[in-house]
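Text of upload32.pdb (PDB, C-alpha atoms, pLDDT in the B column) as supplied:
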```pdb
ATOM      1  CA  LEU A  22     123.640  52.162 264.270  1.00 40.00           C
ATOM      2  CA  THR A  23     124.903  54.479 266.910  1.00 36.00           C
ATOM      3  CA  PHE A  24     126.787  57.632 266.052  1.00 40.00           C
ATOM      4  CA  ARG A  25     129.954  56.068 267.459  1.00 42.00           C
ATOM      5  CA  THR A  26     129.593  52.999 265.218  1.00 39.00           C
ATOM      6  CA  VAL A  27     129.059  55.136 262.126  1.00 37.00           C
ATOM      7  CA  ILE A  28     132.172  57.199 262.910  1.00 38.00           C
ATOM      8  CA  ARG A  29     134.191  54.021 263.446  1.00 44.00           C
ATOM      9  CA  LEU A  30     133.007  52.580 260.135  1.00 41.00           C
ATOM     10  CA  ARG A  31     133.846  55.793 258.343  1.00 42.00           C
ATOM     11  CA  ASN A  32     137.326  55.944 259.878  1.00 45.00           C
ATOM     12  CA  ASN A  33     138.229  52.283 259.387  1.00 46.00           C
ATOM     13  CA  TYR A  34     136.790  51.341 256.020  1.00 43.00           C
ATOM     14  CA  ALA A  35     136.891  52.743 252.528  1.00 47.00           C
ATOM     15  CA  PRO A  36     133.433  53.187 250.946  1.00 45.00           C
ATOM     16  CA  GLN A  37     133.886  50.139 248.704  1.00 44.00           C
ATOM     17  CA  ASP A  38     134.247  47.911 251.783  1.00 44.00           C
ATOM     18  CA  ILE A  39     130.692  48.496 252.901  1.00 43.00           C
ATOM     19  CA  HIS A  40     129.140  47.573 249.553  1.00 47.00           C
ATOM     20  CA  CYS A  41     131.494  45.167 247.802  1.00 63.00           C
ATOM     21  CA  ILE A  42     133.956  42.410 248.421  1.00 83.00           C
ATOM     22  CA  MET A  43     136.682  40.900 246.317  1.00 92.00           C
ATOM     23  CA  GLU A  44     135.588  38.754 243.383  1.00 93.00           C
ATOM     24  CA  GLN A  45     135.514  35.031 244.110  1.00 94.00           C
ATOM     25  CA  LYS A  46     138.022  34.211 241.345  1.00 95.00           C
ATOM     26  CA  HIS A  47     140.541  36.545 242.997  1.00 95.00           C
ATOM     27  CA  LYS A  48     139.893  35.044 246.438  1.00 95.00           C
ATOM     28  CA  ASP A  49     140.443  31.594 244.945  1.00 95.00           C
ATOM     29  CA  LEU A  50     143.690  32.678 243.327  1.00 95.00           C
ATOM     30  CA  LEU A  51     145.005  34.091 246.609  1.00 95.00           C
ATOM     31  CA  LEU A  52     144.088  30.817 248.304  1.00 95.00           C
ATOM     32  CA  ASP A  53     145.680  28.672 245.590  1.00 94.00           C
ATOM     33  CA  LYS A  54     148.921  30.693 245.681  1.00 94.00           C
ATOM     34  CA  ARG A  55     148.970  31.260 249.448  1.00 95.00           C
ATOM     35  CA  LEU A  56     151.960  29.037 250.217  1.00 94.00           C
ATOM     36  CA  GLU A  57     154.002  30.565 247.399  1.00 92.00           C
ATOM     37  CA  ILE A  58     153.070  34.103 248.413  1.00 93.00           C
ATOM     38  CA  THR A  59     153.747  33.609 252.122  1.00 94.00           C
ATOM     39  CA  SER A  60     157.110  31.980 251.496  1.00 92.00           C
ATOM     40  CA  ASP A  61     158.358  34.816 249.253  1.00 91.00           C
ATOM     41  CA  LEU A  62     156.594  38.020 250.293  1.00 94.00           C
ATOM     42  CA  ARG A  63     157.997  40.638 252.637  1.00 96.00           C
ATOM     43  CA  PHE A  64     155.087  42.822 253.688  1.00 97.00           C
ATOM     44  CA  ARG A  65     157.353  45.813 254.237  1.00 96.00           C
ATOM     45  CA  ASP A  66     158.161  45.761 250.497  1.00 95.00           C
ATOM     46  CA  ILE A  67     154.560  46.510 249.475  1.00 96.00           C
ATOM     47  CA  ARG A  68     153.229  48.169 252.641  1.00 96.00           C
ATOM     48  CA  ARG A  69     153.443  51.766 251.420  1.00 95.00           C
ATOM     49  CA  HIS A  70     151.711  51.004 248.115  1.00 96.00           C
ATOM     50  CA  LEU A  71     148.777  49.283 249.842  1.00 96.00           C
ATOM     51  CA  ILE A  72     148.382  52.105 252.350  1.00 95.00           C
ATOM     52  CA  ASN A  73     148.712  54.908 249.796  1.00 94.00           C
ATOM     53  CA  SER A  74     146.136  53.186 247.585  1.00 95.00           C
ATOM     54  CA  GLY A  75     143.658  53.052 250.476  1.00 95.00           C
ATOM     55  CA  ILE A  76     143.522  49.260 250.509  1.00 96.00           C
ATOM     56  CA  LEU A  77     144.827  49.002 254.069  1.00 96.00           C
ATOM     57  CA  ASN A  78     143.847  51.181 257.005  1.00 94.00           C
ATOM     58  CA  GLY A  79     145.513  51.686 260.385  1.00 94.00           C
ATOM     59  CA  ASP A  80     143.739  48.754 262.026  1.00 95.00           C
ATOM     60  CA  ASN A  81     144.765  46.454 259.173  1.00 96.00           C
ATOM     61  CA  LEU A  82     148.338  47.655 259.429  1.00 96.00           C
ATOM     62  CA  ASP A  83     148.410  47.015 263.178  1.00 96.00           C
ATOM     63  CA  GLU A  84     147.002  43.521 262.726  1.00 97.00           C
ATOM     64  CA  ILE A  85     149.619  42.652 260.114  1.00 98.00           C
ATOM     65  CA  GLU A  86     152.596  44.235 261.838  1.00 97.00           C
ATOM     66  CA  ASN A  87     151.738  42.628 265.182  1.00 97.00           C
ATOM     67  CA  GLN A  88     152.650  39.277 263.639  1.00 98.00           C
ATOM     68  CA  GLN A  89     156.091  38.141 264.769  1.00 96.00           C
ATOM     69  CA  THR A  90     157.320  36.552 261.540  1.00 97.00           C
ATOM     70  CA  ARG A  91     157.494  37.523 257.884  1.00 96.00           C
ATOM     71  CA  GLU A  92     155.263  34.550 257.051  1.00 97.00           C
ATOM     72  CA  GLY A  93     152.799  35.572 259.753  1.00 98.00           C
ATOM     73  CA  GLN A  94     152.589  39.055 258.299  1.00 98.00           C
ATOM     74  CA  ALA A  95     152.016  37.674 254.805  1.00 97.00           C
ATOM     75  CA  ASN A  96     149.287  35.342 256.115  1.00 98.00           C
ATOM     76  CA  ALA A  97     147.588  38.207 257.961  1.00 98.00           C
ATOM     77  CA  LEU A  98     147.672  40.299 254.783  1.00 98.00           C
ATOM     78  CA  LEU A  99     146.137  37.472 252.753  1.00 97.00           C
ATOM     79  CA  ASP A 100     143.390  37.099 255.366  1.00 97.00           C
ATOM     80  CA  ILE A 101     142.616  40.833 255.227  1.00 97.00           C
ATOM     81  CA  LEU A 102     142.820  41.490 251.474  1.00 97.00           C
ATOM     82  CA  PRO A 103     139.543  39.754 250.501  1.00 96.00           C
ATOM     83  CA  THR A 104     137.658  42.062 252.873  1.00 94.00           C
ATOM     84  CA  ARG A 105     139.113  45.267 251.430  1.00 95.00           C
ATOM     85  CA  GLY A 106     136.919  45.718 248.403  1.00 93.00           C
ATOM     86  CA  PRO A 107     136.846  44.857 244.727  1.00 93.00           C
ATOM     87  CA  ASN A 108     140.042  46.782 243.912  1.00 95.00           C
ATOM     88  CA  ALA A 109     142.189  45.093 246.559  1.00 96.00           C
ATOM     89  CA  PHE A 110     143.385  42.276 244.308  1.00 96.00           C
ATOM     90  CA  ALA A 111     144.411  44.600 241.464  1.00 95.00           C
ATOM     91  CA  VAL A 112     146.255  46.933 243.836  1.00 96.00           C
ATOM     92  CA  PHE A 113     147.984  43.965 245.510  1.00 96.00           C
ATOM     93  CA  ARG A 114     149.053  42.611 242.120  1.00 94.00           C
ATOM     94  CA  GLU A 115     150.273  46.076 241.094  1.00 94.00           C
ATOM     95  CA  ALA A 116     152.290  46.381 244.316  1.00 94.00           C
ATOM     96  CA  LEU A 117     153.890  42.989 243.711  1.00 92.00           C
ATOM     97  CA  HIS A 118     154.708  43.838 240.118  1.00 89.00           C
ATOM     98  CA  HIS A 119     156.204  47.150 241.155  1.00 88.00           C
ATOM     99  CA  ARG A 120     158.393  45.596 243.876  1.00 88.00           C
ATOM    100  CA  TYR A 121     159.046  42.177 242.319  1.00 81.00           C
ATOM    101  CA  PRO A 122     159.095  42.891 238.566  1.00 76.00           C
ATOM    102  CA  HIS A 123     159.827  39.384 237.266  1.00 64.00           C
TER
END
```
Using structure tokens, write down the structure that the file contains.
Amino acid sequence: LTFRTVIRLRNNYAPQDIHCIMEQKHKDLLLDKRLEITSDLRFRDIRRHLINSGILNGDNLDEIENQQTREGQANALLDILPTRGPNAFAVFREALHHRYPH
């Protein structure tokens, strides 16, 4: 790895991203509930929680917010979450519970 690559990795990914990925059962659940999530979720409602928890970085945020529709943003988020480490599912669930308490 070049110095530039190492710096980019350090700036764009939390340490858990390099070593771990989301558990398969959580990936499967996100896939099974994808249509329901994308039809109901507004990314802006949980954005701050995911950023403050370190689950999303600036590049992730740009990728999500560059989507033109609410559904597109939710789909982009669901594509990114499985790559954001073993805590991503729990933090996502916590953000949903906090914003959508029922």
Open item on the list: Neighbouring residues of Glu86 of chain A were defined as those with any atom within 9 Å, considering only C-alpha atoms; residues of the same chain fewer than 4 positions away were excluded. Please report them as a list in words.
Closed with: Phe64, Asn81, Leu82, Gly93, Gln94 and Ala97 of chain A
Task: Contacts of Arg69 of chain A within 12 Å, all atoms listed in the file, excl. fewer than 3 positions in-chain, as a VMD selection string - done: chain A and resid 64 to 66 72 to 79 82 112 to 113 116 to 117 119 to 120
Restricting it to C-alpha atoms, dump the selection as a short mmCIF file (atom, residue, chain, number, x, y, z; two decimals), keeping the file's coordinate frame.
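Final output, saved to selection08.cif:
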```
data_model
loop_
_atom_site.label_atom_id
_atom_site.label_comp_id
_atom_site.auth_asym_id
_atom_site.auth_seq_id
_atom_site.Cartn_x
_atom_site.Cartn_y
_atom_site.Cartn_z
CA PHE A 64 155.09 42.82 253.69
CA ARG A 65 157.35 45.81 254.24
CA ASP A 66 158.16 45.76 250.50
CA ILE A 72 148.38 52.10 252.35
CA ASN A 73 148.71 54.91 249.80
CA SER A 74 146.14 53.19 247.58
CA GLY A 75 143.66 53.05 250.48
CA ILE A 76 143.52 49.26 250.51
CA LEU A 77 144.83 49.00 254.07
CA ASN A 78 143.85 51.18 257.00
CA GLY A 79 145.51 51.69 260.38
CA LEU A 82 148.34 47.66 259.43
CA VAL A 112 146.26 46.93 243.84
CA PHE A 113 147.98 43.96 245.51
CA ALA A 116 152.29 46.38 244.32
CA LEU A 117 153.89 42.99 243.71
CA HIS A 119 156.20 47.15 241.16
CA ARG A 120 158.39 45.60 243.88
#
```
Open item on the list: So, with all atoms listed in the file as the atoms that count, which of A:Asn87, A:Glu115, A:Ala109, A:Pro103 lies closest to Asp49 of chain A?
Closed with: A:Pro103
Task: One-decimal distance in Å that lies between atom CA of Ile85 of chain A and atom CA of Lys46 of chain A - done: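 Interatomic distance here is 23.6 Å.
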Evaluate the PyMOL selection byres ((chain A and resi 62) around 10) on the structure here and hand back the selected residues as an mmCIF file with C-alpha atoms, keeping the file's coordinate frame.
```cif
data_model
loop_
_atom_site.group_PDB
_atom_site.id
_atom_site.type_symbol
_atom_site.label_atom_id
_atom_site.label_comp_id
_atom_site.auth_asym_id
_atom_site.auth_seq_id
_atom_site.Cartn_x
_atom_site.Cartn_y
_atom_site.Cartn_z
ATOM 1 C CA GLU A 57 154.002 30.565 247.399
ATOM 2 C CA ILE A 58 153.070 34.103 248.413
ATOM 3 C CA THR A 59 153.747 33.609 252.122
ATOM 4 C CA SER A 60 157.110 31.980 251.496
ATOM 5 C CA ASP A 61 158.358 34.816 249.253
ATOM 6 C CA ARG A 63 157.997 40.638 252.637
ATOM 7 C CA PHE A 64 155.087 42.822 253.688
ATOM 8 C CA ARG A 65 157.353 45.813 254.237
ATOM 9 C CA ASP A 66 158.161 45.761 250.497
ATOM 10 C CA ILE A 67 154.560 46.510 249.475
ATOM 11 C CA ARG A 91 157.494 37.523 257.884
ATOM 12 C CA GLU A 92 155.263 34.550 257.051
ATOM 13 C CA GLN A 94 152.589 39.055 258.299
ATOM 14 C CA ALA A 95 152.016 37.674 254.805
ATOM 15 C CA ASN A 96 149.287 35.342 256.115
ATOM 16 C CA LEU A 117 153.890 42.989 243.711
ATOM 17 C CA TYR A 121 159.046 42.177 242.319
#
```
Task: d(atom CA of His118 of chain A, atom CA of Ile42 of chain A) in Å - done: 22.4 Å
- [ ] Could you tell me how far atom CA of Gln45 of chain A lies from atom CA of Leu98 of chain A, in Å and to one decimal?
- [x] 17.0 Å
TODO: Determine the nearest neighbour of Asp53 of chain A from the options A:Pro122, A:Leu99, A:Thr90, A:Pro107, counting only C-alpha atoms.
DONE: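 When distances to Asp53 of chain A are compared using only C-alpha atoms, the smallest one comes from A:Leu99.
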Task: Counting only C-alpha atoms, the option among A:Gln89, A:His70, A:Gly106, A:Arg114 closest to Leu51 of chain A - done: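 So, comparing all the options, the nearest one is A:Arg114.
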